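One structure is given here, and the rest of the page talks about it.
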Amino acid sequence: MSTDTVSTAPGPAVGRGPGSGTGRAPGPATERTTGGASGRPGHRPDLRTVGVEEELLLVDPRTGVPVPLSGVVVTEHDPKASAPITTELQQQQVETGTPVRTSMADVAAALRDLRRQVADAAAAAGAHVAALGTSPLPVVPQLTPDARYRRIRDLTGVMCDDHLTGGCHVHVGVASDDEGVAALDRLRPWLPVVTALATNSPFVDGRDSGYAGYRTQVWQRWPGTGPADVFGSPAEYRRRVDAMLATGVVLDHGMVYFDARLSQRYPTVEVRVPDVCLRVDDAVAVAALVRALVDTAADAWAAGEPAPPVPSALVRLASFRASRWGLTDELVHPRTGGTVPAAVAVTALVEHVRPALERSGDLDLVGTAVDELLAHGTGADRQRGVMDATGDLAHVVADAVEQTAR
């Protein structure tokens, strides 16, 4: 449920939890840079910057049940580290945010380093860390003691009491609000394919949900979530957000939980649909695809191409299908609106953004990751495979802990 914990390298991260603060994205270092070289590690001035947030579960090393130790883990974390660990809505979870980078190799290194830092801090607190979109085992979430979270709980009641999900949020730099809104308007039909690639939440509260990405269904119960209609301009974007705030149901800009949204303070687009990925390599591929989607959308806008007039209701249905079956069944083709084998939809996504991937040097990285996902499945498929082999959800969590650390 986070907003902005992506670090504004070299400074500290911004934000602290489920829509916390004002819906801020990574920071002033995240704009698309076009000037000279920078001293920031991994910076290429010809590429859009990327930052990745991950929400991670803290689990009991013996039982696999989530444990409410986020406050201790944050305290145990090295305050001199390159990026902070922050608390989240529930005490059984922490959030990380990478420094902004332009190289996907550097994004991968940052994610691995952050997962290691969380694992070390969790171990000191007597816990393990698992990158899981939902808890396979039954859990009673415990609210983090924070005034804003209490306001959210007062507003949403039992929905907040039951909520414990882990997402991956990708921030991509844009040159202006005009470019950012243009990107939002043009990438929206493709986001369900991204959802399918990142599915990692099949089990919830001790049972198989029947979904590959059940987190998507849990998440969409919240007000302000889901695909947004085409905006057309930054002025219309702001008008629509103001209208949401005027209802009193969306408490602040941090609770504008669109599938993809603008930062309010910084020139960035944030895509929020993926589950937290079990494997770092999958998270990096998702980040590369999201950056390529923003690049492709911005190029189309610059060329005068109109935004695809796909109704939000159809995008939501495509998202449902992606959440339900992941890559194991048919997906909705973003161009035709008909159902096609998952591999066809994924290939269409890669072809759609191929020029951007070639420019960034990420085509081989994405191609390899996509081939692996299509051949061997997502995190959801691995979880089900472990469950089929062991019959024990505690083993599913233990395997997730091992995969998280790789």
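Just remember, in the structure tokens the first chain shown is A, the second B, etc., residues are 1-based per chain, and ligands are 1-based in the order shown.
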
Please report, as CSV, each residue of stretch 316-405 of chain A lying at most 12 Å from stretch 107-131 of chain A, together with the nearest pair of atoms and the separation in Å rounded to one decimal; use only C-alpha atoms, and order rows by chain and ascending residue number.
```
residue,atom,partner,partner_atom,distance
A:Leu365,CA,A:Ala108,CA,11.3
A:Gly379,CA,A:Ala131,CA,9.4
A:Ala380,CA,A:Ala131,CA,11.4
A:Gln383,CA,A:Ala131,CA,11.4
A:Ala394,CA,A:Ala130,CA,11.8
A:Val396,CA,A:Ala130,CA,10.2
A:Val397,CA,A:Ala130,CA,7.0
A:Ala398,CA,A:Ala130,CA,8.1
A:Asp399,CA,A:Ala130,CA,8.7
A:Ala400,CA,A:Ala130,CA,5.5
A:Val401,CA,A:Ala130,CA,4.5
A:Glu402,CA,A:Ala130,CA,8.0
A:Gln403,CA,A:Ala130,CA,8.1
A:Thr404,CA,A:Ala131,CA,5.7
A:Ala405,CA,A:Arg115,CA,6.5
```

Inset, instruction - Within 8 Å of A:Asp381, counting only C-alpha atoms, which residues show up once you throw out same-chain ones fewer than 5 positions away? Write them as a PyMOL selection string, please. - result: chain A and resi 200+212+376

Go ahead and write the residues just picked, N, CA, C and O atoms, as a CSV table (one decimal), in the first residue's frame.
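What ended up in again_8.csv:
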```
chain,number,residue,atom,x,y,z
A,200,ASN,N,2.1,-13.4,-7.7
A,200,ASN,CA,2.8,-14.1,-6.6
A,200,ASN,C,2.0,-14.2,-5.3
A,200,ASN,O,2.5,-14.0,-4.2
A,212,ALA,N,-3.9,-16.6,-9.2
A,212,ALA,CA,-2.5,-16.5,-9.2
A,212,ALA,C,-2.0,-15.3,-8.5
A,212,ALA,O,-0.9,-15.3,-7.9
A,376,HIS,N,8.6,-21.7,-17.0
A,376,HIS,CA,8.6,-22.3,-15.6
A,376,HIS,C,7.6,-21.7,-14.7
A,376,HIS,O,7.4,-22.1,-13.6
```

Give me, as JSON lines, each residue of stretch 190-305 of chain A that comes within 12 Å of stretch 335-349 of chain A, together with its shortest interatomic pair and the distance in Å at one decimal, counting only C-alpha atoms, with rows ordered by chain and rising residue number.
```
{"residue": "A:Trp190", "atom": "CA", "partner": "A:Leu349", "partner_atom": "CA", "distance": 7.0}
{"residue": "A:Leu191", "atom": "CA", "partner": "A:Leu349", "partner_atom": "CA", "distance": 9.5}
{"residue": "A:Pro192", "atom": "CA", "partner": "A:Ala345", "partner_atom": "CA", "distance": 9.8}
{"residue": "A:Val193", "atom": "CA", "partner": "A:Val346", "partner_atom": "CA", "distance": 6.5}
{"residue": "A:Val194", "atom": "CA", "partner": "A:Val346", "partner_atom": "CA", "distance": 8.4}
{"residue": "A:Thr195", "atom": "CA", "partner": "A:Val346", "partner_atom": "CA", "distance": 10.9}
{"residue": "A:Ala196", "atom": "CA", "partner": "A:Ala342", "partner_atom": "CA", "distance": 8.6}
{"residue": "A:Leu197", "atom": "CA", "partner": "A:Val346", "partner_atom": "CA", "distance": 8.2}
{"residue": "A:Ala198", "atom": "CA", "partner": "A:Val346", "partner_atom": "CA", "distance": 11.9}
{"residue": "A:Val286", "atom": "CA", "partner": "A:Leu349", "partner_atom": "CA", "distance": 11.6}
{"residue": "A:Leu289", "atom": "CA", "partner": "A:Leu349", "partner_atom": "CA", "distance": 8.5}
{"residue": "A:Val290", "atom": "CA", "partner": "A:Leu349", "partner_atom": "CA", "distance": 10.5}
{"residue": "A:Ala292", "atom": "CA", "partner": "A:Leu349", "partner_atom": "CA", "distance": 10.0}
{"residue": "A:Leu293", "atom": "CA", "partner": "A:Leu349", "partner_atom": "CA", "distance": 8.8}
{"residue": "A:Thr296", "atom": "CA", "partner": "A:Leu349", "partner_atom": "CA", "distance": 10.9}
```

If you run DSSP over the backbone, which residues in stretch 123-332 of chain A end up alpha helix (DSSP H)? Put them as a compact mmCIF listing (two decimals) with N, CA, C and O atoms, in the first residue's frame.
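Listing of out-v1.txt after writing:
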```txt
# COMPACT_ATOMS: atom_id res chain seq x y z
N ALA A 123 16.68 -10.89 11.08
CA ALA A 123 17.32 -11.95 11.85
C ALA A 123 17.67 -11.47 13.25
O ALA A 123 17.51 -12.20 14.24
N ALA A 124 18.14 -10.22 13.34
CA ALA A 124 18.45 -9.66 14.65
C ALA A 124 17.20 -9.53 15.52
O ALA A 124 17.29 -9.57 16.76
N ALA A 125 16.05 -9.40 14.86
CA ALA A 125 14.78 -9.29 15.59
C ALA A 125 14.10 -10.64 15.79
O ALA A 125 13.03 -10.71 16.40
N ALA A 147 -0.75 7.85 13.51
CA ALA A 147 -2.01 8.60 13.47
C ALA A 147 -2.71 8.47 12.13
O ALA A 147 -3.94 8.34 12.06
N ARG A 148 -1.94 8.50 11.05
CA ARG A 148 -2.58 8.40 9.74
C ARG A 148 -3.17 7.02 9.52
O ARG A 148 -4.25 6.88 8.95
N TYR A 149 -2.45 6.00 9.93
CA TYR A 149 -2.99 4.65 9.77
C TYR A 149 -4.26 4.47 10.60
O TYR A 149 -5.19 3.77 10.19
N ARG A 150 -4.31 5.11 11.76
CA ARG A 150 -5.54 5.02 12.56
C ARG A 150 -6.70 5.71 11.84
O ARG A 150 -7.84 5.25 11.89
N ARG A 151 -6.42 6.81 11.15
CA ARG A 151 -7.46 7.47 10.36
C ARG A 151 -7.94 6.56 9.24
O ARG A 151 -9.14 6.47 8.96
N ILE A 152 -7.01 5.88 8.59
CA ILE A 152 -7.38 4.94 7.53
C ILE A 152 -8.23 3.82 8.10
O ILE A 152 -9.25 3.42 7.51
N ARG A 153 -7.83 3.32 9.27
CA ARG A 153 -8.59 2.23 9.89
C ARG A 153 -10.00 2.71 10.26
O ARG A 153 -10.98 2.00 10.06
N ASP A 154 -10.09 3.91 10.80
CA ASP A 154 -11.41 4.45 11.16
C ASP A 154 -12.30 4.58 9.93
O ASP A 154 -13.52 4.39 10.02
N LEU A 155 -11.70 4.91 8.80
CA LEU A 155 -12.48 5.06 7.58
C LEU A 155 -12.91 3.71 7.01
O LEU A 155 -14.07 3.54 6.61
N THR A 156 -12.01 2.74 6.98
CA THR A 156 -12.25 1.52 6.21
C THR A 156 -12.64 0.32 7.07
O THR A 156 -13.06 -0.71 6.52
N VAL A 158 -13.14 -3.04 8.96
CA VAL A 158 -12.63 -4.41 8.91
C VAL A 158 -11.78 -4.64 7.66
O VAL A 158 -10.90 -5.51 7.66
N MET A 159 -12.02 -3.89 6.60
CA MET A 159 -11.20 -4.02 5.41
C MET A 159 -9.73 -3.74 5.73
O MET A 159 -8.82 -4.42 5.25
N CYS A 160 -9.51 -2.73 6.57
CA CYS A 160 -8.15 -2.42 7.01
C CYS A 160 -7.64 -3.49 7.97
O CYS A 160 -6.49 -3.93 7.87
N ASP A 161 -8.50 -3.93 8.88
CA ASP A 161 -8.09 -4.94 9.86
C ASP A 161 -7.57 -6.20 9.18
O ASP A 161 -6.66 -6.86 9.69
N ASP A 177 4.65 17.13 -16.43
CA ASP A 177 3.32 16.59 -16.17
C ASP A 177 2.60 16.23 -17.46
O ASP A 177 1.85 15.25 -17.52
N ASP A 178 2.82 17.02 -18.52
CA ASP A 178 2.19 16.71 -19.80
C ASP A 178 2.64 15.34 -20.31
O ASP A 178 1.82 14.52 -20.74
N GLU A 179 3.94 15.09 -20.24
CA GLU A 179 4.46 13.80 -20.69
C GLU A 179 3.97 12.69 -19.77
O GLU A 179 3.63 11.59 -20.21
N GLY A 180 3.93 12.98 -18.47
CA GLY A 180 3.49 11.97 -17.52
C GLY A 180 2.04 11.55 -17.75
O GLY A 180 1.72 10.35 -17.77
N VAL A 181 1.15 12.51 -17.93
CA VAL A 181 -0.25 12.18 -18.19
C VAL A 181 -0.39 11.46 -19.53
O VAL A 181 -1.17 10.51 -19.66
N ALA A 182 0.37 11.90 -20.53
CA ALA A 182 0.34 11.22 -21.82
C ALA A 182 0.76 9.76 -21.68
O ALA A 182 0.17 8.87 -22.30
N ALA A 183 1.76 9.50 -20.84
CA ALA A 183 2.19 8.13 -20.60
C ALA A 183 1.10 7.33 -19.90
O ALA A 183 0.79 6.19 -20.29
N LEU A 184 0.50 7.90 -18.86
CA LEU A 184 -0.58 7.22 -18.15
C LEU A 184 -1.71 6.83 -19.10
O LEU A 184 -2.25 5.72 -19.03
N ASP A 185 -2.06 7.75 -19.98
CA ASP A 185 -3.18 7.51 -20.88
C ASP A 185 -2.90 6.40 -21.89
O ASP A 185 -3.82 5.73 -22.35
N ARG A 186 -1.63 6.21 -22.24
CA ARG A 186 -1.29 5.28 -23.32
C ARG A 186 -0.78 3.93 -22.84
O ARG A 186 -0.78 2.97 -23.61
N LEU A 187 -0.35 3.82 -21.58
CA LEU A 187 0.15 2.52 -21.11
C LEU A 187 -0.93 1.68 -20.44
O LEU A 187 -0.74 0.48 -20.20
N LEU A 191 -1.17 -2.76 -18.78
CA LEU A 191 -0.85 -3.09 -17.39
C LEU A 191 -1.35 -4.46 -16.94
O LEU A 191 -0.68 -5.12 -16.13
N PRO A 192 -2.50 -4.97 -17.42
CA PRO A 192 -2.88 -6.32 -17.01
C PRO A 192 -1.86 -7.40 -17.39
O PRO A 192 -1.71 -8.39 -16.66
N VAL A 193 -1.14 -7.20 -18.49
CA VAL A 193 -0.10 -8.18 -18.85
C VAL A 193 1.04 -8.12 -17.84
O VAL A 193 1.60 -9.15 -17.45
N VAL A 194 1.37 -6.91 -17.40
CA VAL A 194 2.38 -6.76 -16.34
C VAL A 194 1.90 -7.46 -15.06
O VAL A 194 2.67 -8.15 -14.38
N THR A 195 0.62 -7.29 -14.72
CA THR A 195 0.05 -7.97 -13.56
C THR A 195 0.26 -9.47 -13.66
O THR A 195 0.66 -10.13 -12.69
N ALA A 196 -0.03 -10.04 -14.83
CA ALA A 196 0.09 -11.49 -15.02
C ALA A 196 1.53 -11.97 -14.82
O ALA A 196 1.78 -13.01 -14.20
N LEU A 197 2.48 -11.21 -15.34
CA LEU A 197 3.89 -11.60 -15.23
C LEU A 197 4.38 -11.60 -13.79
O LEU A 197 5.32 -12.34 -13.45
N TYR A 214 -3.93 -13.11 -6.03
CA TYR A 214 -5.10 -12.72 -5.25
C TYR A 214 -4.93 -11.33 -4.64
O TYR A 214 -5.91 -10.66 -4.34
N ARG A 215 -3.70 -10.90 -4.47
CA ARG A 215 -3.46 -9.55 -3.94
C ARG A 215 -4.22 -8.50 -4.76
O ARG A 215 -4.76 -7.53 -4.19
N THR A 216 -4.29 -8.66 -6.07
CA THR A 216 -5.00 -7.69 -6.90
C THR A 216 -6.45 -7.57 -6.47
O THR A 216 -7.00 -6.46 -6.39
N GLN A 217 -7.09 -8.68 -6.15
CA GLN A 217 -8.50 -8.65 -5.75
C GLN A 217 -8.66 -8.02 -4.36
O GLN A 217 -9.58 -7.24 -4.14
N VAL A 218 -7.75 -8.34 -3.45
CA VAL A 218 -7.80 -7.72 -2.12
C VAL A 218 -7.59 -6.21 -2.24
O VAL A 218 -8.30 -5.41 -1.63
N TRP A 219 -6.63 -5.84 -3.07
CA TRP A 219 -6.27 -4.44 -3.20
C TRP A 219 -7.40 -3.63 -3.79
O TRP A 219 -7.64 -2.48 -3.41
N PRO A 234 -2.85 17.34 -17.83
CA PRO A 234 -2.59 17.45 -16.40
C PRO A 234 -3.71 18.17 -15.66
O PRO A 234 -4.02 17.83 -14.52
N ALA A 235 -4.34 19.14 -16.30
CA ALA A 235 -5.43 19.86 -15.64
C ALA A 235 -6.59 18.93 -15.32
O ALA A 235 -7.18 19.00 -14.23
N GLU A 236 -6.92 18.03 -16.24
CA GLU A 236 -7.99 17.07 -15.99
C GLU A 236 -7.58 16.06 -14.93
O GLU A 236 -8.39 15.65 -14.10
N TYR A 237 -6.31 15.66 -14.93
CA TYR A 237 -5.82 14.76 -13.89
C TYR A 237 -6.03 15.40 -12.52
O TYR A 237 -6.57 14.78 -11.60
N ARG A 238 -5.59 16.65 -12.38
CA ARG A 238 -5.73 17.33 -11.09
C ARG A 238 -7.20 17.53 -10.72
O ARG A 238 -7.57 17.41 -9.55
N ARG A 239 -8.03 17.86 -11.71
CA ARG A 239 -9.45 18.06 -11.42
C ARG A 239 -10.08 16.77 -10.89
O ARG A 239 -10.85 16.79 -9.93
N ARG A 240 -9.70 15.65 -11.49
CA ARG A 240 -10.28 14.38 -11.07
C ARG A 240 -9.81 13.99 -9.67
O ARG A 240 -10.57 13.49 -8.85
N VAL A 241 -8.53 14.22 -9.40
CA VAL A 241 -8.02 13.93 -8.06
C VAL A 241 -8.70 14.83 -7.03
O VAL A 241 -9.09 14.36 -5.95
N ASP A 242 -8.85 16.10 -7.33
CA ASP A 242 -9.53 17.01 -6.40
C ASP A 242 -10.96 16.55 -6.14
O ASP A 242 -11.45 16.66 -5.00
N ALA A 243 -11.64 16.07 -7.16
CA ALA A 243 -13.01 15.59 -6.98
C ALA A 243 -13.03 14.36 -6.07
O ALA A 243 -13.95 14.21 -5.25
N MET A 244 -12.03 13.49 -6.19
CA MET A 244 -11.95 12.33 -5.30
C MET A 244 -11.73 12.77 -3.86
O MET A 244 -12.37 12.27 -2.94
N LEU A 245 -10.84 13.73 -3.66
CA LEU A 245 -10.56 14.21 -2.31
C LEU A 245 -11.80 14.87 -1.70
O LEU A 245 -12.03 14.77 -0.49
N ALA A 246 -12.59 15.52 -2.53
CA ALA A 246 -13.78 16.21 -2.03
C ALA A 246 -14.82 15.27 -1.45
O ALA A 246 -15.66 15.69 -0.65
N VAL A 280 14.30 -11.62 -7.52
CA VAL A 280 14.79 -10.31 -7.93
C VAL A 280 14.81 -10.18 -9.44
O VAL A 280 14.44 -9.13 -10.00
N ASP A 281 15.23 -11.24 -10.15
CA ASP A 281 15.30 -11.16 -11.61
C ASP A 281 13.94 -10.82 -12.22
O ASP A 281 13.86 -10.07 -13.20
N ASP A 282 12.87 -11.35 -11.64
CA ASP A 282 11.53 -11.03 -12.15
C ASP A 282 11.18 -9.57 -11.89
O ASP A 282 10.59 -8.90 -12.74
N ALA A 283 11.53 -9.09 -10.70
CA ALA A 283 11.26 -7.68 -10.37
C ALA A 283 12.00 -6.75 -11.31
O ALA A 283 11.46 -5.72 -11.74
N VAL A 284 13.22 -7.09 -11.65
CA VAL A 284 14.01 -6.25 -12.56
C VAL A 284 13.39 -6.26 -13.95
O VAL A 284 13.31 -5.22 -14.62
N ALA A 285 12.95 -7.42 -14.41
CA ALA A 285 12.31 -7.49 -15.73
C ALA A 285 11.03 -6.66 -15.75
O ALA A 285 10.74 -5.97 -16.74
N VAL A 286 10.25 -6.72 -14.68
CA VAL A 286 9.04 -5.91 -14.59
C VAL A 286 9.40 -4.43 -14.63
O VAL A 286 8.76 -3.64 -15.34
N ALA A 287 10.43 -4.04 -13.90
CA ALA A 287 10.84 -2.62 -13.91
C ALA A 287 11.29 -2.19 -15.30
O ALA A 287 10.97 -1.08 -15.75
N ALA A 288 12.02 -3.05 -16.00
CA ALA A 288 12.47 -2.72 -17.36
C ALA A 288 11.29 -2.58 -18.30
O ALA A 288 11.26 -1.67 -19.16
N LEU A 289 10.30 -3.45 -18.17
CA LEU A 289 9.11 -3.36 -19.02
C LEU A 289 8.31 -2.10 -18.72
O LEU A 289 7.80 -1.45 -19.64
N VAL A 290 8.19 -1.75 -17.45
CA VAL A 290 7.45 -0.54 -17.10
C VAL A 290 8.16 0.70 -17.65
O VAL A 290 7.51 1.59 -18.22
N ARG A 291 9.48 0.76 -17.51
CA ARG A 291 10.18 1.91 -18.09
C ARG A 291 9.97 1.95 -19.60
O ARG A 291 9.74 3.02 -20.17
N ALA A 292 10.04 0.79 -20.25
CA ALA A 292 9.84 0.75 -21.70
C ALA A 292 8.42 1.16 -22.08
O ALA A 292 8.21 1.80 -23.12
N LEU A 293 7.43 0.81 -21.25
CA LEU A 293 6.07 1.25 -21.51
C LEU A 293 5.95 2.77 -21.44
O LEU A 293 5.27 3.40 -22.26
N VAL A 294 6.59 3.36 -20.44
CA VAL A 294 6.56 4.83 -20.32
C VAL A 294 7.25 5.47 -21.52
O VAL A 294 6.75 6.44 -22.11
N ASP A 295 8.41 4.93 -21.90
CA ASP A 295 9.13 5.45 -23.06
C ASP A 295 8.28 5.37 -24.32
O ASP A 295 8.17 6.33 -25.10
N THR A 296 7.67 4.21 -24.53
CA THR A 296 6.87 3.98 -25.73
C THR A 296 5.66 4.89 -25.76
O THR A 296 5.31 5.46 -26.82
N ALA A 297 5.01 5.04 -24.62
CA ALA A 297 3.85 5.92 -24.54
C ALA A 297 4.23 7.37 -24.80
O ALA A 297 3.52 8.10 -25.51
N ALA A 298 5.35 7.80 -24.23
CA ALA A 298 5.80 9.18 -24.44
C ALA A 298 6.15 9.42 -25.91
O ALA A 298 5.87 10.49 -26.46
N ASP A 299 6.78 8.44 -26.54
CA ASP A 299 7.10 8.56 -27.96
C ASP A 299 5.83 8.67 -28.80
O ASP A 299 5.77 9.47 -29.75
N ALA A 300 4.82 7.87 -28.47
CA ALA A 300 3.57 7.92 -29.22
C ALA A 300 2.90 9.29 -29.08
O ALA A 300 2.37 9.86 -30.04
N TRP A 301 2.93 9.82 -27.87
CA TRP A 301 2.37 11.16 -27.62
C TRP A 301 3.11 12.21 -28.42
O TRP A 301 2.50 13.07 -29.06
N ALA A 302 4.45 12.13 -28.41
CA ALA A 302 5.25 13.11 -29.14
C ALA A 302 4.98 13.03 -30.64
O ALA A 302 5.07 14.04 -31.36
N SER A 312 -12.26 1.86 -19.06
CA SER A 312 -11.67 1.35 -17.82
C SER A 312 -12.31 0.04 -17.38
O SER A 312 -11.65 -0.82 -16.79
N ALA A 313 -13.60 -0.12 -17.66
CA ALA A 313 -14.27 -1.37 -17.28
C ALA A 313 -13.62 -2.56 -17.96
O ALA A 313 -13.50 -3.64 -17.36
N LEU A 314 -13.18 -2.40 -19.21
CA LEU A 314 -12.53 -3.50 -19.92
C LEU A 314 -11.11 -3.73 -19.39
O LEU A 314 -10.65 -4.87 -19.32
N VAL A 315 -10.41 -2.65 -19.05
CA VAL A 315 -9.08 -2.82 -18.45
C VAL A 315 -9.20 -3.57 -17.13
O VAL A 315 -8.40 -4.46 -16.82
N ARG A 316 -10.23 -3.26 -16.35
CA ARG A 316 -10.44 -3.96 -15.07
C ARG A 316 -10.73 -5.44 -15.31
O ARG A 316 -10.24 -6.30 -14.57
N LEU A 317 -11.50 -5.75 -16.33
CA LEU A 317 -11.79 -7.16 -16.63
C LEU A 317 -10.52 -7.88 -17.08
O LEU A 317 -10.29 -9.04 -16.70
N ALA A 318 -9.70 -7.21 -17.86
CA ALA A 318 -8.43 -7.80 -18.26
C ALA A 318 -7.54 -8.03 -17.05
O ALA A 318 -6.83 -9.05 -16.96
N SER A 319 -7.57 -7.09 -16.11
CA SER A 319 -6.80 -7.24 -14.88
C SER A 319 -7.31 -8.43 -14.06
O SER A 319 -6.51 -9.18 -13.48
N PHE A 320 -8.63 -8.60 -14.01
CA PHE A 320 -9.18 -9.74 -13.30
C PHE A 320 -8.66 -11.04 -13.90
O PHE A 320 -8.23 -11.95 -13.17
N ARG A 321 -8.68 -11.14 -15.21
CA ARG A 321 -8.22 -12.37 -15.85
C ARG A 321 -6.74 -12.62 -15.54
O ARG A 321 -6.33 -13.75 -15.28
N ALA A 322 -5.93 -11.56 -15.58
CA ALA A 322 -4.51 -11.70 -15.26
C ALA A 322 -4.32 -12.15 -13.82
O ALA A 322 -3.48 -13.01 -13.52
N SER A 323 -5.09 -11.57 -12.92
CA SER A 323 -5.01 -11.93 -11.51
C SER A 323 -5.48 -13.36 -11.27
O SER A 323 -4.90 -14.09 -10.46
N ARG A 324 -6.51 -13.77 -11.97
CA ARG A 324 -7.09 -15.10 -11.76
C ARG A 324 -6.15 -16.21 -12.19
O ARG A 324 -5.94 -17.18 -11.46
N TRP A 325 -5.57 -16.08 -13.39
CA TRP A 325 -4.80 -17.20 -13.94
C TRP A 325 -3.33 -16.90 -14.20
O TRP A 325 -2.59 -17.81 -14.55
```

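Here the residues within stretch 255-318 of chain A that DSSP labels strand (DSSP E or B) on the basis of the backbone are Phe258, Ala260, Arg261, Leu262, Thr268, Val269, Glu270, Val271 and Asp275 of chain A.
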
List the neighbours of A:Gly71 out to 10 Å using only C-alpha atoms; skip same-chain residues closer than 6 positions along the sequence, and give me the result as a tab-separated table (two decimals) with all heavy atoms, in the first residue's frame.
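Dumped to selection_8.tsv:
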```tsv
chain	number	residue	atom	x	y	z
A	86	THR	N	11.35	1.01	5.98
A	86	THR	CA	10.28	1.74	6.66
A	86	THR	C	9.16	0.79	7.05
A	86	THR	O	9.02	-0.30	6.51
A	86	THR	CB	9.71	2.85	5.76
A	86	THR	OG1	9.18	2.27	4.57
A	86	THR	CG2	10.78	3.85	5.39
A	87	THR	N	8.37	1.23	8.01
A	87	THR	CA	7.19	0.47	8.40
A	87	THR	C	6.10	0.63	7.37
A	87	THR	O	6.16	1.49	6.49
A	87	THR	CB	6.68	0.93	9.78
A	87	THR	OG1	6.42	2.34	9.71
A	87	THR	CG2	7.70	0.64	10.87
A	88	GLU	N	5.08	-0.22	7.49
A	88	GLU	CA	3.95	-0.20	6.58
A	88	GLU	C	2.67	-0.16	7.40
A	88	GLU	O	2.70	0.00	8.62
A	88	GLU	CB	3.99	-1.42	5.65
A	88	GLU	CG	4.28	-1.10	4.19
A	88	GLU	CD	3.15	-0.32	3.55
A	88	GLU	OE1	2.04	-0.29	4.10
A	88	GLU	OE2	3.39	0.28	2.49
A	91	GLN	N	2.10	-4.23	11.12
A	91	GLN	CA	3.40	-4.45	11.75
A	91	GLN	C	4.09	-5.72	11.27
A	91	GLN	O	5.26	-5.95	11.58
A	91	GLN	CB	3.24	-4.51	13.27
A	91	GLN	CG	2.77	-3.21	13.89
A	91	GLN	CD	2.68	-3.28	15.39
A	91	GLN	OE1	3.68	-3.54	16.07
A	91	GLN	NE2	1.49	-3.09	15.93
A	92	GLN	N	3.40	-6.55	10.50
A	92	GLN	CA	4.01	-7.78	9.97
A	92	GLN	C	4.74	-7.54	8.66
A	92	GLN	O	5.12	-8.49	7.98
A	92	GLN	CB	2.93	-8.85	9.75
A	92	GLN	CG	2.38	-9.45	11.03
A	92	GLN	CD	1.12	-8.76	11.52
A	92	GLN	OE1	0.87	-7.60	11.18
A	92	GLN	NE2	0.32	-9.44	12.31
A	93	GLN	N	5.01	-6.30	8.34
A	93	GLN	CA	5.53	-5.97	7.01
A	93	GLN	C	6.46	-4.77	7.09
A	93	GLN	O	6.31	-3.90	7.94
A	93	GLN	CB	4.35	-5.64	6.11
A	93	GLN	CG	4.64	-5.52	4.65
A	93	GLN	CD	3.35	-5.39	3.87
A	93	GLN	OE1	2.48	-4.59	4.21
A	93	GLN	NE2	3.20	-6.18	2.83
A	94	VAL	N	7.45	-4.76	6.20
A	94	VAL	CA	8.28	-3.57	6.02
A	94	VAL	C	8.34	-3.24	4.54
A	94	VAL	O	7.98	-4.06	3.68
A	94	VAL	CB	9.72	-3.76	6.55
A	94	VAL	CG1	9.72	-3.93	8.05
A	94	VAL	CG2	10.41	-4.94	5.86
A	125	ALA	N	16.05	-9.40	14.86
A	125	ALA	CA	14.78	-9.29	15.59
A	125	ALA	C	14.10	-10.64	15.79
A	125	ALA	O	13.03	-10.71	16.40
A	125	ALA	CB	13.84	-8.36	14.83
A	144	THR	N	0.11	-0.72	12.48
A	144	THR	CA	1.25	0.07	12.95
A	144	THR	C	0.75	1.30	13.68
A	144	THR	O	-0.16	1.99	13.19
A	144	THR	CB	2.13	0.49	11.75
A	144	THR	OG1	2.65	-0.69	11.12
A	144	THR	CG2	3.27	1.39	12.19
A	145	PRO	N	1.27	1.59	14.88
A	145	PRO	CA	0.78	2.73	15.66
A	145	PRO	C	1.21	4.05	15.02
A	145	PRO	O	2.31	4.54	15.23
A	145	PRO	CB	1.44	2.53	17.03
A	145	PRO	CG	2.64	1.68	16.78
A	145	PRO	CD	2.29	0.81	15.61
```

Legend entry - Interatomic distance, atom CA of A:Met255 to atom CA of A:Gly224 (Å, one decimal): 6.7 Å

Inset, instruction - Find the distance between atom CA of A:Glu54 and atom CA of A:Pro84 and write it in Å to one decimal. - result: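 Atom CA of A:Pro84 lies 12.0 Å from atom CA of A:Glu54.
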
Inset, instruction - Can you work out the spacing between atom CA of A:Pro61 and atom CA of A:Ser209 in Å, to one decimal? - result: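 The value is 23.8 Å.
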
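Distances here use only C-alpha atoms; by that measure, the residue among A:Leu137, A:Val174, A:Ala307, A:Ala356 closest to A:Glu270 is A:Val174.
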
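When only C-alpha atoms are used to measure the gap to A:Pro66, the shortest distance among A:Thr199, A:Thr134, A:Thr328, A:Thr368 belongs to A:Thr134.
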